[in-house]
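This is start05.cif (mmCIF, C-alpha atoms).
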data_final
loop_
_atom_site.group_PDB
_atom_site.id
_atom_site.type_symbol
_atom_site.label_atom_id
_atom_site.label_comp_id
_atom_site.auth_asym_id
_atom_site.auth_seq_id
_atom_site.Cartn_x
_atom_site.Cartn_y
_atom_site.Cartn_z
ATOM 1 C CA MET A 17 0.000 0.000 0.000
ATOM 2 C CA SER A 18 1.361 3.421 -0.978
ATOM 3 C CA SER A 19 0.374 6.838 0.378
ATOM 4 C CA SER A 20 2.691 8.961 -1.776
ATOM 5 C CA PRO A 21 1.154 11.357 -4.348
ATOM 6 C CA ILE A 22 -0.065 9.592 -7.475
ATOM 7 C CA ASN A 23 0.512 10.570 -11.103
ATOM 8 C CA VAL A 24 -2.582 10.560 -13.309
ATOM 9 C CA VAL A 25 -3.346 10.751 -17.029
ATOM 10 C CA VAL A 26 -6.781 11.946 -18.160
ATOM 11 C CA ALA A 27 -7.602 11.011 -21.754
ATOM 12 C CA GLY A 28 -10.112 13.476 -23.183
ATOM 13 C CA GLY A 29 -9.225 15.724 -20.277
ATOM 14 C CA THR A 30 -10.498 18.878 -21.985
ATOM 15 C CA GLY A 31 -13.967 17.457 -22.722
ATOM 16 C CA THR A 32 -17.121 18.084 -20.723
ATOM 17 C CA LEU A 33 -16.494 15.402 -18.114
ATOM 18 C CA GLY A 34 -12.734 15.155 -18.586
ATOM 19 C CA LYS A 35 -12.314 18.846 -17.782
ATOM 20 C CA LEU A 36 -14.066 18.400 -14.439
ATOM 21 C CA ILE A 37 -11.940 15.361 -13.592
ATOM 22 C CA SER A 38 -8.769 17.243 -14.523
ATOM 23 C CA LYS A 39 -9.738 20.295 -12.459
ATOM 24 C CA THR A 40 -10.571 18.121 -9.457
ATOM 25 C CA LEU A 41 -7.171 16.415 -9.651
ATOM 26 C CA LEU A 42 -5.484 19.828 -9.911
ATOM 27 C CA SER A 43 -7.425 21.367 -7.032
ATOM 28 C CA SER A 44 -5.781 22.151 -3.698
ATOM 29 C CA VAL A 45 -7.972 19.491 -2.121
ATOM 30 C CA TYR A 46 -5.798 16.790 -3.716
ATOM 31 C CA ARG A 47 -2.685 18.434 -5.102
ATOM 32 C CA PRO A 48 0.103 18.245 -4.105
ATOM 33 C CA SER A 49 -0.673 16.131 -1.018
ATOM 34 C CA GLN A 50 -2.362 13.210 -2.840
ATOM 35 C CA VAL A 51 -1.812 13.943 -6.533
ATOM 36 C CA GLY A 52 1.486 14.751 -8.242
ATOM 37 C CA ARG A 53 1.587 14.984 -12.043
ATOM 38 C CA VAL A 54 -1.621 15.469 -13.992
ATOM 39 C CA VAL A 55 -1.197 14.776 -17.708
ATOM 40 C CA VAL A 56 -4.104 15.703 -19.987
ATOM 41 C CA LEU A 57 -4.363 14.022 -23.382
ATOM 42 C CA SER A 58 -5.968 16.427 -25.832
ATOM 43 C CA ARG A 59 -6.130 17.071 -29.563
ATOM 44 C CA ASP A 60 -5.450 20.802 -29.167
ATOM 45 C CA ASP A 61 -3.060 22.264 -26.605
ATOM 46 C CA SER A 62 -4.078 25.812 -27.585
ATOM 47 C CA SER A 63 -7.787 25.478 -26.790
ATOM 48 C CA PRO A 64 -9.134 27.679 -23.957
ATOM 49 C CA VAL A 65 -9.691 24.656 -21.724
ATOM 50 C CA ALA A 66 -6.216 23.257 -22.379
ATOM 51 C CA LEU A 67 -4.655 26.628 -21.584
ATOM 52 C CA GLU A 68 -6.749 26.892 -18.413
ATOM 53 C CA LEU A 69 -5.661 23.442 -17.241
ATOM 54 C CA LYS A 70 -2.044 24.182 -18.104
ATOM 55 C CA ALA A 71 -2.222 27.342 -15.976
ATOM 56 C CA LEU A 72 -3.475 25.186 -13.101
ATOM 57 C CA GLY A 73 -0.451 22.900 -13.436
ATOM 58 C CA ALA A 74 -1.462 20.222 -15.928
ATOM 59 C CA GLU A 75 0.850 18.838 -18.590
ATOM 60 C CA ILE A 76 -0.879 18.831 -21.995
ATOM 61 C CA HIS A 77 0.035 16.039 -24.407
ATOM 62 C CA THR A 78 -1.248 16.138 -27.991
ATOM 63 C CA GLY A 79 0.867 13.542 -29.806
ATOM 64 C CA PRO A 80 0.484 9.773 -30.171
ATOM 65 C CA VAL A 81 0.038 7.914 -26.899
ATOM 66 C CA GLN A 82 2.736 5.311 -26.384
ATOM 67 C CA ALA A 83 4.264 3.567 -23.405
ATOM 68 C CA ASP A 84 6.833 6.354 -23.042
ATOM 69 C CA THR A 85 4.005 8.870 -22.754
ATOM 70 C CA LEU A 86 2.689 7.025 -19.704
ATOM 71 C CA LYS A 87 6.017 6.317 -18.032
ATOM 72 C CA GLY A 88 5.736 6.942 -14.281
ATOM 73 C CA ILE A 89 1.929 7.180 -14.413
ATOM 74 C CA ASP A 90 -0.069 5.338 -11.744
ATOM 75 C CA VAL A 91 -3.620 5.850 -13.028
ATOM 76 C CA VAL A 92 -5.169 6.383 -16.462
ATOM 77 C CA ILE A 93 -8.704 7.794 -16.537
ATOM 78 C CA ASN A 94 -10.367 7.459 -19.918
ATOM 79 C CA ALA A 95 -12.869 10.273 -20.369
ATOM 80 C CA LEU A 96 -13.069 9.974 -24.149
ATOM 81 C CA GLY A 97 -16.581 10.253 -25.505
ATOM 82 C CA PHE A 98 -19.000 7.666 -26.848
ATOM 83 C CA MET A 99 -18.157 8.502 -30.469
ATOM 84 C CA VAL A 100 -14.390 7.968 -30.156
ATOM 85 C CA PRO A 101 -13.468 4.755 -32.049
ATOM 86 C CA GLY A 102 -12.718 1.676 -29.986
ATOM 87 C CA ASP A 103 -9.276 1.179 -31.515
ATOM 88 C CA ILE A 104 -8.143 4.517 -30.065
ATOM 89 C CA LYS A 105 -9.343 3.499 -26.620
ATOM 90 C CA ASN A 106 -7.723 0.082 -26.954
ATOM 91 C CA ALA A 107 -4.418 1.674 -27.982
ATOM 92 C CA LEU A 108 -4.539 3.722 -24.786
ATOM 93 C CA VAL A 109 -5.010 0.556 -22.729
ATOM 94 C CA LYS A 110 -2.156 -1.210 -24.492
ATOM 95 C CA ALA A 111 0.175 1.732 -23.832
ATOM 96 C CA ALA A 112 -0.920 1.743 -20.176
ATOM 97 C CA VAL A 113 -0.111 -1.954 -19.803
ATOM 98 C CA ASP A 114 3.273 -1.563 -21.512
ATOM 99 C CA ALA A 115 4.111 1.405 -19.242
ATOM 100 C CA GLY A 116 3.241 -0.473 -16.062
ATOM 101 C CA VAL A 117 0.253 1.691 -15.113
ATOM 102 C CA LYS A 118 -1.485 0.359 -11.992
ATOM 103 C CA VAL A 119 -5.107 1.416 -12.482
ATOM 104 C CA TYR A 120 -7.310 2.052 -15.530
ATOM 105 C CA PHE A 121 -10.811 3.523 -15.686
ATOM 106 C CA PRO A 122 -12.680 2.774 -18.960
ATOM 107 C CA SER A 123 -14.752 5.572 -20.482
ATOM 108 C CA GLU A 124 -18.450 6.337 -20.875
ATOM 109 C CA PHE A 125 -19.526 5.939 -17.232
ATOM 110 C CA GLY A 126 -23.360 6.339 -17.584
ATOM 111 C CA ALA A 127 -25.327 3.179 -18.452
ATOM 112 C CA ASP A 128 -24.536 -0.029 -16.590
ATOM 113 C CA PRO A 129 -24.540 -2.823 -19.197
ATOM 114 C CA HIS A 130 -24.888 -5.413 -16.420
ATOM 115 C CA THR A 131 -28.483 -4.245 -15.848
ATOM 116 C CA LEU A 132 -29.591 -4.053 -19.465
ATOM 117 C CA ASP A 133 -31.684 -6.453 -21.524
ATOM 118 C CA VAL A 134 -32.462 -6.137 -25.244
ATOM 119 C CA GLU A 135 -30.990 -2.621 -25.296
ATOM 120 C CA ALA A 136 -27.594 -3.938 -24.179
ATOM 121 C CA LYS A 137 -26.158 -4.173 -27.700
ATOM 122 C CA ILE A 138 -26.433 -0.380 -28.099
ATOM 123 C CA PHE A 139 -23.914 -0.128 -25.283
ATOM 124 C CA GLY A 140 -21.831 -3.062 -26.479
ATOM 125 C CA SER A 141 -18.735 -0.907 -26.890
ATOM 126 C CA LYS A 142 -18.611 -0.525 -23.117
ATOM 127 C CA VAL A 143 -18.396 -4.275 -22.625
ATOM 128 C CA SER A 144 -15.866 -4.731 -25.428
ATOM 129 C CA GLN A 145 -13.665 -1.982 -24.008
ATOM 130 C CA VAL A 146 -13.654 -3.491 -20.508
ATOM 131 C CA ASN A 147 -13.069 -7.025 -21.781
ATOM 132 C CA TYR A 148 -10.107 -5.887 -23.882
ATOM 133 C CA ALA A 149 -8.568 -3.986 -20.955
ATOM 134 C CA ARG A 150 -8.819 -7.013 -18.678
ATOM 135 C CA GLU A 151 -7.488 -9.326 -21.370
ATOM 136 C CA VAL A 152 -4.349 -7.304 -22.130
ATOM 137 C CA GLY A 153 -3.889 -6.291 -18.501
ATOM 138 C CA LYS A 154 -3.602 -9.933 -17.435
ATOM 139 C CA GLY A 155 -4.306 -9.058 -13.818
ATOM 140 C CA ALA A 156 -1.441 -6.580 -13.536
ATOM 141 C CA LEU A 157 -3.686 -3.666 -14.535
ATOM 142 C CA LYS A 158 -6.546 -2.904 -12.146
ATOM 143 C CA VAL A 159 -9.584 -2.138 -14.347
ATOM 144 C CA ILE A 160 -12.417 -0.301 -12.596
ATOM 145 C CA GLU A 161 -15.796 0.117 -14.268
ATOM 146 C CA ILE A 162 -17.731 3.120 -12.951
ATOM 147 C CA TYR A 163 -21.432 3.393 -13.744
ATOM 148 C CA THR A 164 -23.314 6.521 -12.756
ATOM 149 C CA GLY A 165 -26.691 6.399 -14.516
ATOM 150 C CA ALA A 166 -27.894 9.419 -16.478
ATOM 151 C CA PHE A 167 -25.901 12.655 -16.317
ATOM 152 C CA LEU A 168 -27.916 15.107 -14.218
ATOM 153 C CA GLY A 169 -26.814 18.143 -16.197
ATOM 154 C CA GLN A 170 -28.143 16.681 -19.433
ATOM 155 C CA ILE A 171 -31.786 16.507 -18.359
ATOM 156 C CA GLY A 172 -32.429 20.027 -19.631
ATOM 157 C CA GLN A 173 -30.402 19.475 -22.793
ATOM 158 C CA TYR A 174 -32.393 16.410 -23.737
ATOM 159 C CA ALA A 175 -35.618 18.194 -22.843
ATOM 160 C CA SER A 176 -34.979 21.072 -25.245
ATOM 161 C CA SER A 177 -37.416 21.715 -28.051
ATOM 162 C CA GLY A 178 -34.529 21.352 -30.499
ATOM 163 C CA MET A 179 -34.183 17.746 -29.396
ATOM 164 C CA LYS A 180 -37.948 17.282 -29.902
ATOM 165 C CA PRO A 181 -38.284 16.242 -26.218
ATOM 166 C CA ALA A 182 -35.929 13.357 -26.920
ATOM 167 C CA ILE A 183 -36.152 11.658 -23.542
ATOM 168 C CA GLY A 184 -39.755 12.598 -22.926
ATOM 169 C CA ILE A 185 -39.693 15.957 -21.101
ATOM 170 C CA ASP A 186 -41.822 18.410 -23.065
ATOM 171 C CA ILE A 187 -41.807 21.704 -21.156
ATOM 172 C CA PRO A 188 -43.964 23.786 -23.567
ATOM 173 C CA ASN A 189 -46.752 21.188 -23.535
ATOM 174 C CA ARG A 190 -46.413 20.422 -19.802
ATOM 175 C CA THR A 191 -46.072 16.720 -20.532
ATOM 176 C CA LEU A 192 -43.665 13.931 -19.679
ATOM 177 C CA THR A 193 -43.778 10.654 -21.588
ATOM 178 C CA SER A 194 -42.276 7.426 -20.282
ATOM 179 C CA VAL A 195 -41.898 4.146 -22.130
ATOM 180 C CA GLY A 196 -43.723 0.984 -21.080
ATOM 181 C CA GLN A 197 -46.464 -0.011 -18.678
ATOM 182 C CA GLY A 198 -45.655 1.127 -15.150
ATOM 183 C CA SER A 199 -42.756 3.243 -16.384
ATOM 184 C CA ALA A 200 -44.046 6.456 -14.786
ATOM 185 C CA THR A 201 -42.857 5.212 -11.400
ATOM 186 C CA ALA A 202 -39.600 3.598 -12.576
ATOM 187 C CA ARG A 203 -36.647 5.288 -10.903
ATOM 188 C CA VAL A 204 -33.703 6.628 -12.885
ATOM 189 C CA THR A 205 -30.331 7.394 -11.304
ATOM 190 C CA TYR A 206 -29.070 10.883 -12.119
ATOM 191 C CA THR A 207 -25.516 11.786 -11.118
ATOM 192 C CA SER A 208 -24.126 15.230 -11.819
ATOM 193 C CA GLU A 209 -20.996 15.587 -13.882
ATOM 194 C CA ARG A 210 -19.335 17.245 -10.885
ATOM 195 C CA ASP A 211 -20.159 14.306 -8.631
ATOM 196 C CA ILE A 212 -18.883 11.858 -11.259
ATOM 197 C CA ALA A 213 -15.589 13.753 -11.362
ATOM 198 C CA TYR A 214 -15.297 13.877 -7.571
ATOM 199 C CA SER A 215 -16.097 10.168 -7.248
ATOM 200 C CA THR A 216 -13.681 9.148 -10.003
ATOM 201 C CA VAL A 217 -10.801 11.035 -8.405
ATOM 202 C CA ARG A 218 -11.539 9.553 -4.993
ATOM 203 C CA LEU A 219 -11.611 6.038 -6.444
ATOM 204 C CA ALA A 220 -8.400 6.689 -8.383
ATOM 205 C CA ILE A 221 -6.536 7.679 -5.226
ATOM 206 C CA LEU A 222 -7.930 4.788 -3.191
ATOM 207 C CA ALA A 223 -7.179 2.213 -5.899
ATOM 208 C CA ALA A 224 -3.654 3.490 -6.539
ATOM 209 C CA GLN A 225 -2.885 3.248 -2.829
ATOM 210 C CA ASP A 226 -4.491 -0.173 -2.432
ATOM 211 C CA PRO A 227 -6.021 -1.846 -5.521
ATOM 212 C CA SER A 228 -7.905 -4.375 -3.392
ATOM 213 C CA SER A 229 -9.786 -1.569 -1.616
ATOM 214 C CA VAL A 230 -11.850 -0.762 -4.711
ATOM 215 C CA ALA A 231 -14.126 -3.218 -6.504
ATOM 216 C CA ASP A 232 -13.696 -3.909 -10.214
ATOM 217 C CA TYR A 233 -17.309 -2.866 -10.757
ATOM 218 C CA VAL A 234 -18.582 0.298 -9.065
ATOM 219 C CA ARG A 235 -21.940 2.028 -8.998
ATOM 220 C CA ILE A 236 -22.432 5.676 -8.046
ATOM 221 C CA SER A 237 -25.902 7.150 -7.577
ATOM 222 C CA GLY A 238 -25.888 10.844 -6.783
ATOM 223 C CA SER A 239 -29.671 11.152 -6.950
ATOM 224 C CA SER A 240 -32.686 9.387 -8.405
ATOM 225 C CA ALA A 241 -36.225 10.182 -9.465
ATOM 226 C CA SER A 242 -39.151 8.685 -11.329
ATOM 227 C CA TRP A 243 -40.964 10.467 -14.138
ATOM 228 C CA SER A 244 -43.908 11.002 -11.796
ATOM 229 C CA HIS A 245 -41.656 12.697 -9.255
ATOM 230 C CA ILE A 246 -40.050 14.907 -11.900
ATOM 231 C CA ALA A 247 -43.541 15.921 -13.057
ATOM 232 C CA GLU A 248 -44.385 16.905 -9.468
ATOM 233 C CA LEU A 249 -41.186 18.922 -9.155
ATOM 234 C CA LEU A 250 -41.815 20.744 -12.435
ATOM 235 C CA SER A 251 -45.420 21.425 -11.414
ATOM 236 C CA GLN A 252 -44.248 22.976 -8.149
ATOM 237 C CA GLU A 253 -41.500 25.027 -9.740
ATOM 238 C CA LEU A 254 -43.500 26.340 -12.693
ATOM 239 C CA GLY A 255 -46.868 26.610 -10.967
ATOM 240 C CA THR A 256 -48.720 24.595 -13.583
ATOM 241 C CA LYS A 257 -49.724 20.952 -13.747
ATOM 242 C CA PHE A 258 -47.491 18.482 -15.588
ATOM 243 C CA GLU A 259 -48.825 15.081 -16.543
ATOM 244 C CA VAL A 260 -47.068 11.802 -17.308
ATOM 245 C CA LYS A 261 -48.185 9.621 -20.213
ATOM 246 C CA GLU A 262 -46.954 6.041 -20.569
ATOM 247 C CA LEU A 263 -46.205 5.025 -24.151
ATOM 248 C CA ASP A 264 -46.253 1.558 -25.692
ATOM 249 C CA ASP A 265 -42.706 0.168 -25.554
ATOM 250 C CA ALA A 266 -42.978 -1.907 -28.761
ATOM 251 C CA PRO A 267 -42.009 0.904 -31.199
ATOM 252 C CA PHE A 268 -39.032 1.826 -29.006
ATOM 253 C CA LYS A 269 -37.898 -1.770 -28.847
ATOM 254 C CA GLU A 270 -38.015 -1.957 -32.636
ATOM 255 C CA LYS A 271 -36.032 1.267 -32.992
ATOM 256 C CA LEU A 272 -33.349 0.242 -30.516
ATOM 257 C CA GLU A 273 -32.933 -3.071 -32.309
ATOM 258 C CA ASN A 274 -32.108 -0.944 -35.369
ATOM 259 C CA GLY A 275 -29.456 0.972 -33.436
ATOM 260 C CA ASP A 276 -31.429 4.002 -32.200
ATOM 261 C CA PHE A 277 -29.493 5.289 -29.165
ATOM 262 C CA VAL A 278 -32.227 7.569 -27.781
ATOM 263 C CA ALA A 279 -34.831 4.795 -28.112
ATOM 264 C CA ALA A 280 -32.491 2.512 -26.161
ATOM 265 C CA LEU A 281 -32.159 5.103 -23.401
ATOM 266 C CA ARG A 282 -35.893 5.625 -23.102
ATOM 267 C CA TYR A 283 -36.591 1.893 -23.139
ATOM 268 C CA ALA A 284 -33.960 1.347 -20.428
ATOM 269 C CA TYR A 285 -35.354 4.187 -18.313
ATOM 270 C CA GLY A 286 -38.854 2.750 -18.511
ATOM 271 C CA LYS A 287 -37.733 -0.763 -17.568
ATOM 272 C CA GLY A 288 -35.898 0.516 -14.495
ATOM 273 C CA HIS A 289 -32.513 -0.446 -15.917
ATOM 274 C CA PHE A 290 -31.076 2.971 -15.011
ATOM 275 C CA ASP A 291 -31.954 2.548 -11.339
ATOM 276 C CA LEU A 292 -28.499 2.154 -9.778
ATOM 277 C CA THR A 293 -29.523 3.009 -6.219
ATOM 278 C CA THR A 294 -28.569 -0.372 -4.733
ATOM 279 C CA GLY A 295 -25.057 -1.615 -4.067
ATOM 280 C CA THR A 296 -23.405 1.764 -4.603
ATOM 281 C CA ALA A 297 -19.951 2.935 -3.561
ATOM 282 C CA ASN A 298 -21.344 6.284 -2.418
ATOM 283 C CA GLU A 299 -20.227 5.804 1.164
ATOM 284 C CA GLN A 300 -16.758 4.691 0.121
ATOM 285 C CA VAL A 301 -16.080 7.792 -1.933
ATOM 286 C CA ASN A 302 -18.024 10.281 0.181
ATOM 287 C CA PRO A 303 -18.712 8.880 3.674
ATOM 288 C CA GLY A 304 -21.684 10.587 5.270
ATOM 289 C CA GLN A 305 -21.408 13.313 2.608
ATOM 290 C CA GLU A 306 -18.566 14.745 4.678
ATOM 291 C CA LEU A 307 -16.459 15.556 1.613
ATOM 292 C CA TRP A 308 -19.233 17.125 -0.450
ATOM 293 C CA LYS A 309 -23.019 17.121 -0.803
ATOM 294 C CA TRP A 310 -24.446 15.094 -3.672
ATOM 295 C CA ASP A 311 -26.294 17.130 -6.293
ATOM 296 C CA THR A 312 -29.963 16.148 -6.500
ATOM 297 C CA VAL A 313 -32.718 16.212 -9.099
ATOM 298 C CA GLU A 314 -34.757 18.449 -6.802
ATOM 299 C CA GLU A 315 -31.972 21.032 -6.550
ATOM 300 C CA HIS A 316 -31.264 20.854 -10.271
ATOM 301 C CA ILE A 317 -34.834 21.617 -11.241
ATOM 302 C CA LYS A 318 -34.881 24.579 -8.861
ATOM 303 C CA LYS A 319 -31.489 25.792 -10.087
ATOM 304 C CA THR A 320 -32.634 25.670 -13.710
ATOM 305 C CA LYS A 321 -35.972 27.266 -12.783
ATOM 306 C CA GLY A 322 -37.866 24.267 -14.035
ATOM 307 C CA LEU A 323 -35.339 23.392 -16.756
ATOM 308 C CA SER A 324 -35.849 26.856 -18.228
ATOM 309 C CA ALA A 325 -33.078 26.239 -20.750
ATOM 310 C CA ALA A 326 -35.364 23.680 -22.333
#

Would you mind giving the structure from this file in structure tokens?
Amino acid sequence: MSSSPINVVVAGGTGTLGKLISKTLLSSVYRPSQVGRVVVLSRDDSSPVALELKALGAEIHTGPVQADTLKGIDVVINALGFMVPGDIKNALVKAAVDAGVKVYFPSEFGADPHTLDVEAKIFGSKVSQVNYAREVGKGALKVIEIYTGAFLGQIGQYASSGMKPAIGIDIPNRTLTSVGQGSATARVTYTSERDIAYSTVRLAILAAQDPSSVADYVRISGSSASWSHIAELLSQELGTKFEVKELDDAPFKEKLENGDFVAALRYAYGKGHFDLTTGTANEQVNPGQELWKWDTVEEHIKKTKGLSAA
């Protein structure tokens, strides 16, 4: 077990989630007492975010990622997005193994493929990525899957009229639509991007110090709510009644089988497959909420004035 400061690489460290992870690692809460070097892998070292992180003390790397790039690194956090090809992510893992990295966090976080049913193939890249990392790591590389449910900050984005109420929140028409019988009361885990970043950094430090202290498969649930509860919250905030309508799940099942990502999300929400409230590592990363307070759906709806951005 080691208690010396750890060195961390964040792939996609200037992206939406990666930026928050990078900033958390660079904060005075962790650096320099628990975190030493923070290396951010980015396509553009002149972007505003890259320059901001560099000013905070990060090293920005824009070239090919090879074993030499990761020399002396303890933890690699992959925050590359869903659309980044698998071969790029696999190359990162291979370089990590060759460099002797101790801990690796695969990307994508959100949906937990262990809970999914027919919609699982939409998220198949998650499984493939983890399987490859464990195969090439051969036990020497600690691979930690983190699943956090839906991103809290994206509720309003998905609810926007431009998205044609993609996940079923239609603010102008005061209507929420869920998918499947009984889906109005199905709970969905929502974890804020900030809380994902905080949790990831905590797990990185714990695992680097003692790999056996962190499970290979971790759930984080910052908050949760059903469609019925969200309708109540919106009604209270906006002073007008919102209703929930349950839709037939058959058309969504057909769409997801044809590769429709949004249909897969809505189907999974309705079936309760995004309810990650049991068996979480919440207390391990944030015991008694002593380190920070989890962001909640209730607070988010108030903060956005009833998802006003939608």

(message) Which residues are close to Ala95 in chain A, i.e. within 10 Å by only C-alpha atoms, leaving aside same-chain residues fewer than 2 positions away? Reply as JSON, numbers by chain.
(response) {"A": [26, 27, 28, 29, 30, 31, 32, 33, 34, 35, 37, 38, 57, 92, 93, 97, 98, 105, 121, 122, 123, 124, 125]}

Writing out the chosen residues with C-alpha atoms as a PDB file, keeping the file's coordinate frame:
ATOM      1  CA  VAL A  26      -6.781  11.946 -18.160  1.00  0.00           C
ATOM      2  CA  ALA A  27      -7.602  11.011 -21.754  1.00  0.00           C
ATOM      3  CA  GLY A  28     -10.112  13.476 -23.183  1.00  0.00           C
ATOM      4  CA  GLY A  29      -9.225  15.724 -20.277  1.00  0.00           C
ATOM      5  CA  THR A  30     -10.498  18.878 -21.985  1.00  0.00           C
ATOM      6  CA  GLY A  31     -13.967  17.457 -22.722  1.00  0.00           C
ATOM      7  CA  THR A  32     -17.121  18.084 -20.723  1.00  0.00           C
ATOM      8  CA  LEU A  33     -16.494  15.402 -18.114  1.00  0.00           C
ATOM      9  CA  GLY A  34     -12.734  15.155 -18.586  1.00  0.00           C
ATOM     10  CA  LYS A  35     -12.314  18.846 -17.782  1.00  0.00           C
ATOM     11  CA  ILE A  37     -11.940  15.361 -13.592  1.00  0.00           C
ATOM     12  CA  SER A  38      -8.769  17.243 -14.523  1.00  0.00           C
ATOM     13  CA  LEU A  57      -4.363  14.022 -23.382  1.00  0.00           C
ATOM     14  CA  VAL A  92      -5.169   6.383 -16.462  1.00  0.00           C
ATOM     15  CA  ILE A  93      -8.704   7.794 -16.537  1.00  0.00           C
ATOM     16  CA  GLY A  97     -16.581  10.253 -25.505  1.00  0.00           C
ATOM     17  CA  PHE A  98     -19.000   7.666 -26.848  1.00  0.00           C
ATOM     18  CA  LYS A 105      -9.343   3.499 -26.620  1.00  0.00           C
ATOM     19  CA  PHE A 121     -10.811   3.523 -15.686  1.00  0.00           C
ATOM     20  CA  PRO A 122     -12.680   2.774 -18.960  1.00  0.00           C
ATOM     21  CA  SER A 123     -14.752   5.572 -20.482  1.00  0.00           C
ATOM     22  CA  GLU A 124     -18.450   6.337 -20.875  1.00  0.00           C
ATOM     23  CA  PHE A 125     -19.526   5.939 -17.232  1.00  0.00           C
TER      24      PHE A 125
END

(message) Just checking: using all atoms listed in the file, which residue out of A:Ile76, A:Val81, A:Ala127, A:Ala223 ends up closest to Gly288 in chain A?
(response) A:Ala127

(request) Tell me, in Å to one decimal, how far CA of Phe290 in chain A is from CA of Gly196 in chain A. (result)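 It comes out at 14.2 Å.
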
(message) At a cut-off of 8 Å, using only C-alpha atoms, what residues contact Gln197 in chain A? Leave out same-chain residues fewer than 3 positions from it and give the result as JSON, numbers by chain.
(response) {"A": [200, 262, 263, 264, 265]}

(message) List as an MDAnalysis selection string the protein and nucleic acid residues near range 213-222 of chain A, meaning an atom at most 8 Å away when all atoms listed in the file are counted, but skip any in the same chain fewer than 5 places from it.
(response) chainID A and resid 22 33:34 36:37 40:41 50:51 91 119 162 227 229:230 236 301:302

Requested write-out: C-alpha atoms of the selected residues, as a compact mmCIF listing (two decimals), keeping the file's coordinate frame:
# COMPACT_ATOMS: atom_id res chain seq x y z
CA ILE A 22 -0.06 9.59 -7.48
CA LEU A 33 -16.49 15.40 -18.11
CA GLY A 34 -12.73 15.16 -18.59
CA LEU A 36 -14.07 18.40 -14.44
CA ILE A 37 -11.94 15.36 -13.59
CA THR A 40 -10.57 18.12 -9.46
CA LEU A 41 -7.17 16.42 -9.65
CA GLN A 50 -2.36 13.21 -2.84
CA VAL A 51 -1.81 13.94 -6.53
CA VAL A 91 -3.62 5.85 -13.03
CA VAL A 119 -5.11 1.42 -12.48
CA ILE A 162 -17.73 3.12 -12.95
CA PRO A 227 -6.02 -1.85 -5.52
CA SER A 229 -9.79 -1.57 -1.62
CA VAL A 230 -11.85 -0.76 -4.71
CA ILE A 236 -22.43 5.68 -8.05
CA VAL A 301 -16.08 7.79 -1.93
CA ASN A 302 -18.02 10.28 0.18

(request) Convert the output of the PyMOL selection byres ((chain A and resi 239-242) around 12) on the shown file into explicit residues, formatted as a PyMOL selection string. (result) chain A and resi 164-169+171+192-194+198-209+211-212+236-238+243-249+260+285-288+290-294+296+298+309-317

Grab the residues selected above and save them as a short mmCIF file (atom, residue, chain, number, x, y, z; two decimals), keeping the file's coordinate frame with C-alpha atoms.
data_model
loop_
_atom_site.label_atom_id
_atom_site.label_comp_id
_atom_site.auth_asym_id
_atom_site.auth_seq_id
_atom_site.Cartn_x
_atom_site.Cartn_y
_atom_site.Cartn_z
CA THR A 164 -23.31 6.52 -12.76
CA GLY A 165 -26.69 6.40 -14.52
CA ALA A 166 -27.89 9.42 -16.48
CA PHE A 167 -25.90 12.66 -16.32
CA LEU A 168 -27.92 15.11 -14.22
CA GLY A 169 -26.81 18.14 -16.20
CA ILE A 171 -31.79 16.51 -18.36
CA LEU A 192 -43.66 13.93 -19.68
CA THR A 193 -43.78 10.65 -21.59
CA SER A 194 -42.28 7.43 -20.28
CA GLY A 198 -45.66 1.13 -15.15
CA SER A 199 -42.76 3.24 -16.38
CA ALA A 200 -44.05 6.46 -14.79
CA THR A 201 -42.86 5.21 -11.40
CA ALA A 202 -39.60 3.60 -12.58
CA ARG A 203 -36.65 5.29 -10.90
CA VAL A 204 -33.70 6.63 -12.88
CA THR A 205 -30.33 7.39 -11.30
CA TYR A 206 -29.07 10.88 -12.12
CA THR A 207 -25.52 11.79 -11.12
CA SER A 208 -24.13 15.23 -11.82
CA GLU A 209 -21.00 15.59 -13.88
CA ASP A 211 -20.16 14.31 -8.63
CA ILE A 212 -18.88 11.86 -11.26
CA ILE A 236 -22.43 5.68 -8.05
CA SER A 237 -25.90 7.15 -7.58
CA GLY A 238 -25.89 10.84 -6.78
CA TRP A 243 -40.96 10.47 -14.14
CA SER A 244 -43.91 11.00 -11.80
CA HIS A 245 -41.66 12.70 -9.26
CA ILE A 246 -40.05 14.91 -11.90
CA ALA A 247 -43.54 15.92 -13.06
CA GLU A 248 -44.38 16.90 -9.47
CA LEU A 249 -41.19 18.92 -9.15
CA VAL A 260 -47.07 11.80 -17.31
CA TYR A 285 -35.35 4.19 -18.31
CA GLY A 286 -38.85 2.75 -18.51
CA LYS A 287 -37.73 -0.76 -17.57
CA GLY A 288 -35.90 0.52 -14.50
CA PHE A 290 -31.08 2.97 -15.01
CA ASP A 291 -31.95 2.55 -11.34
CA LEU A 292 -28.50 2.15 -9.78
CA THR A 293 -29.52 3.01 -6.22
CA THR A 294 -28.57 -0.37 -4.73
CA THR A 296 -23.40 1.76 -4.60
CA ASN A 298 -21.34 6.28 -2.42
CA LYS A 309 -23.02 17.12 -0.80
CA TRP A 310 -24.45 15.09 -3.67
CA ASP A 311 -26.29 17.13 -6.29
CA THR A 312 -29.96 16.15 -6.50
CA VAL A 313 -32.72 16.21 -9.10
CA GLU A 314 -34.76 18.45 -6.80
CA GLU A 315 -31.97 21.03 -6.55
CA HIS A 316 -31.26 20.85 -10.27
CA ILE A 317 -34.83 21.62 -11.24
#

(message) Using all atoms listed in the file, which protein or nucleic acid residues come within 12 Å of Gly275 in chain A? Drop anything in the same chain fewer than 2 positions from it, and give the result as a count of residues only.
(response) 18

(request) Would you mind reading off the distance between CA of Thr320 in chain A and CA of Lys257 in chain A, one decimal, in Å? (result) 17.7 Å
